[in-house]
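Q: Supplied in structure tokens, the structure appears directly below.
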Amino acid sequence: MAPYSVILICITLSLLAGSSATQDPYRRHVHRPCKKMVVYHHEILYNGSNAQNATATIVGEPDGANKTSLAGPIRFGDLIAFDDPLTDDNNLRSPPVGRAQGFYVYSNTKQPASWHAFSMVFNSTKYKGILTFAGLNMILTPTRHISVIGGTDDFFMHRGIASFTTDAVEAEVYFRLRIEIKLYECWKLLNP
């Protein structure tokens with residue numbers, strides 16, 4: 001009886017040792033994007049004298065502020081609605097591949113940061129459909145990331161990450177972002 005229990009214990013211990021070595025809980029699963037793209041987001045903020053060119057406007061501001069200039073260096077409390085062109089390159093005059101439509105609110109009292117909720121609406125020969133984004137943009141950080149939380153048509157139920165880098169700034173009126181989009185969950189619409 002004793003030899004069988006010793007053999008059983010040895011087998012059990014060797015199985016446990018083998019399974020813990022193969023199932024490392026700290027091992028990271030490597031994800032590769034199923035779709036990648038880069039677009040340039042151009043925004044022209046309304047400043048009281050550029051109504052014909054403006055693609056964004058302040059729709060809410062802190063008490064005592066106005067709707068033609070941002071509230072101080074931190075901009076806390078400003079709410080901006082936008083309908084901005086997206087291009088394949090960094091030229092504002094390039095043909096648009098889509099529009100970024102939504103809003104952001106300056107939501108940090110210590111440093112410039114804005115919380116975004118918007119969609120990119122694509123209607124070009126390359127892509128058709130909508131990608132939806134939400135997340136915090138820490139403006140002073142060189143590269144910022146926000147979540148891609150869904151999509152339609154060519155982007156049906158896609159999810160991933162968008163990496164923002166500021167490509168150009170002209171005072172408070174114009175800025176351009178380079179946005180690299182990496183989608184890690186891509187579905188195909190079976191019956192379009």
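Labels for the structure tokens follow display order: chains A, B, ..., residues from 1 in each chain, ligands from 1.
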List the spatial neighbours of A:Gly98 as a ChimeraX atom specification - criterion: any atom at most 8 Å away, only C-alpha atoms, same-chain residues fewer than 2 positions off excluded.
A: /A:85-87,96,100,120-124
Q: So, counting only C-alpha atoms, which residue among A:Met37, A:Phe82, A:Asn90, A:Arg99 is closest to A:Glu180?
A: A:Met37
Q: Hey, what's within 7 Å of A:Val105 if we count only C-alpha atoms and toss same-chain stuff fewer than 6 positions away? As an mmCIF file with all heavy atoms, in the first residue's frame, please?
A:
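What landed in part-v8.cif:
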data_model
loop_
_atom_site.group_PDB
_atom_site.id
_atom_site.type_symbol
_atom_site.label_atom_id
_atom_site.label_comp_id
_atom_site.auth_asym_id
_atom_site.auth_seq_id
_atom_site.Cartn_x
_atom_site.Cartn_y
_atom_site.Cartn_z
ATOM 1 N N GLY A 77 -13.829 73.389 -18.042
ATOM 2 C CA GLY A 77 -15.235 73.711 -18.173
ATOM 3 C C GLY A 77 -15.688 74.008 -19.590
ATOM 4 O O GLY A 77 -16.890 74.008 -19.859
ATOM 5 N N ASP A 78 -14.774 74.256 -20.517
ATOM 6 C CA ASP A 78 -15.177 74.505 -21.904
ATOM 7 C C ASP A 78 -15.682 73.213 -22.547
ATOM 8 O O ASP A 78 -15.076 72.155 -22.400
ATOM 9 C CB ASP A 78 -14.015 75.044 -22.733
ATOM 10 C CG ASP A 78 -13.777 76.531 -22.531
ATOM 11 O OD1 ASP A 78 -14.730 77.251 -22.180
ATOM 12 O OD2 ASP A 78 -12.632 76.978 -22.722
ATOM 13 N N LEU A 79 -16.783 73.325 -23.278
ATOM 14 C CA LEU A 79 -17.367 72.217 -24.014
ATOM 15 C C LEU A 79 -17.376 72.600 -25.489
ATOM 16 O O LEU A 79 -17.929 73.637 -25.863
ATOM 17 C CB LEU A 79 -18.790 71.932 -23.531
ATOM 18 C CG LEU A 79 -19.597 70.906 -24.317
ATOM 19 C CD1 LEU A 79 -18.994 69.515 -24.198
ATOM 20 C CD2 LEU A 79 -21.043 70.900 -23.825
ATOM 21 N N ILE A 80 -16.744 71.788 -26.321
ATOM 22 C CA ILE A 80 -16.591 72.092 -27.740
ATOM 23 C C ILE A 80 -17.293 71.021 -28.561
ATOM 24 O O ILE A 80 -17.083 69.819 -28.343
ATOM 25 C CB ILE A 80 -15.097 72.169 -28.149
ATOM 26 C CG1 ILE A 80 -14.433 73.428 -27.582
ATOM 27 C CG2 ILE A 80 -14.928 72.211 -29.657
ATOM 28 C CD1 ILE A 80 -13.931 73.331 -26.222
ATOM 29 N N SER A 114 -8.809 66.804 -22.000
ATOM 30 C CA SER A 114 -10.188 66.836 -22.471
ATOM 31 C C SER A 114 -10.719 65.422 -22.617
ATOM 32 O O SER A 114 -9.988 64.507 -22.994
ATOM 33 C CB SER A 114 -10.282 67.589 -23.802
ATOM 34 O OG SER A 114 -9.380 67.050 -24.740
ATOM 35 N N TRP A 115 -11.990 65.271 -22.295
ATOM 36 C CA TRP A 115 -12.659 63.984 -22.456
ATOM 37 C C TRP A 115 -13.438 64.039 -23.760
ATOM 38 O O TRP A 115 -14.223 64.948 -23.981
ATOM 39 C CB TRP A 115 -13.585 63.703 -21.274
ATOM 40 C CG TRP A 115 -14.058 62.286 -21.296
ATOM 41 C CD1 TRP A 115 -13.433 61.210 -20.747
ATOM 42 C CD2 TRP A 115 -15.228 61.795 -21.925
ATOM 43 N NE1 TRP A 115 -14.152 60.081 -21.002
ATOM 44 C CE2 TRP A 115 -15.260 60.408 -21.717
ATOM 45 C CE3 TRP A 115 -16.260 62.383 -22.639
ATOM 46 C CZ2 TRP A 115 -16.283 59.598 -22.208
ATOM 47 C CZ3 TRP A 115 -17.277 61.584 -23.127
ATOM 48 C CH2 TRP A 115 -17.285 60.204 -22.909
ATOM 49 N N HIS A 116 -13.204 63.048 -24.636
ATOM 50 C CA HIS A 116 -13.774 63.036 -25.975
ATOM 51 C C HIS A 116 -14.839 61.952 -26.137
ATOM 52 O O HIS A 116 -14.682 60.849 -25.621
ATOM 53 C CB HIS A 116 -12.682 62.752 -27.011
ATOM 54 C CG HIS A 116 -11.702 63.855 -27.162
ATOM 55 N ND1 HIS A 116 -11.570 64.567 -28.321
ATOM 56 C CD2 HIS A 116 -10.799 64.389 -26.314
ATOM 57 C CE1 HIS A 116 -10.643 65.482 -28.183
ATOM 58 N NE2 HIS A 116 -10.150 65.396 -26.962
#
Q: May I have a table of the residues of stretch 61-137 of chain A lying at most 10 Å from stretch 155-171 of chain A, giving each one's closest pair of atoms and their distance in Å to one decimal, counting only C-alpha atoms, ordered by chain and ascending residue number, as a tab-separated table?
A:
residue	atom	partner	partner_atom	distance
A:Asn90	CA	A:Asp167	CA	8.0
A:Phe122	CA	A:Phe155	CA	9.8
A:Tyr127	CA	A:Phe155	CA	8.6
A:Lys128	CA	A:Phe155	CA	8.1
A:Gly129	CA	A:Phe155	CA	6.2
A:Ile130	CA	A:Phe155	CA	6.6
A:Leu131	CA	A:Phe155	CA	6.5
A:Thr132	CA	A:Arg159	CA	8.9
A:Phe133	CA	A:Ala162	CA	8.2
A:Ala134	CA	A:Ala162	CA	9.8
A:Gly135	CA	A:Ala162	CA	9.9
A:Asn137	CA	A:Phe164	CA	8.4
Q: Hey, which of A:Cys34, A:Val59, A:Val173, A:Ile179 ends up closest to A:Asn47? Count only C-alpha atoms.
A: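 Selected residue with least distance to A:Asn47: A:Val173.
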Q: State, in Å with one decimal place, the distance from atom CA of A:Ala56 to atom CA of A:Lys35.
A: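 So the two atoms, atom CA of A:Ala56 and atom CA of A:Lys35, lie 29.0 Å apart.
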Q: Go through stretch 94-186 of chain A residue by residue and, counting only C-alpha atoms, keep those with an atom at most 6 Å from stretch 42-45 of chain A; for each kept residue give the shortest atom pair and its distance in Å to one decimal, ordered by chain and increasing number, as a Markdown table.
A:
| residue | atom | partner | partner_atom | distance |
| --- | --- | --- | --- | --- |
| A:Val173 | CA | A:Leu45 | CA | 4.9 |
| A:Tyr174 | CA | A:Ile44 | CA | 4.5 |
| A:Phe175 | CA | A:Glu43 | CA | 5.5 |
| A:Arg176 | CA | A:His42 | CA | 4.6 |
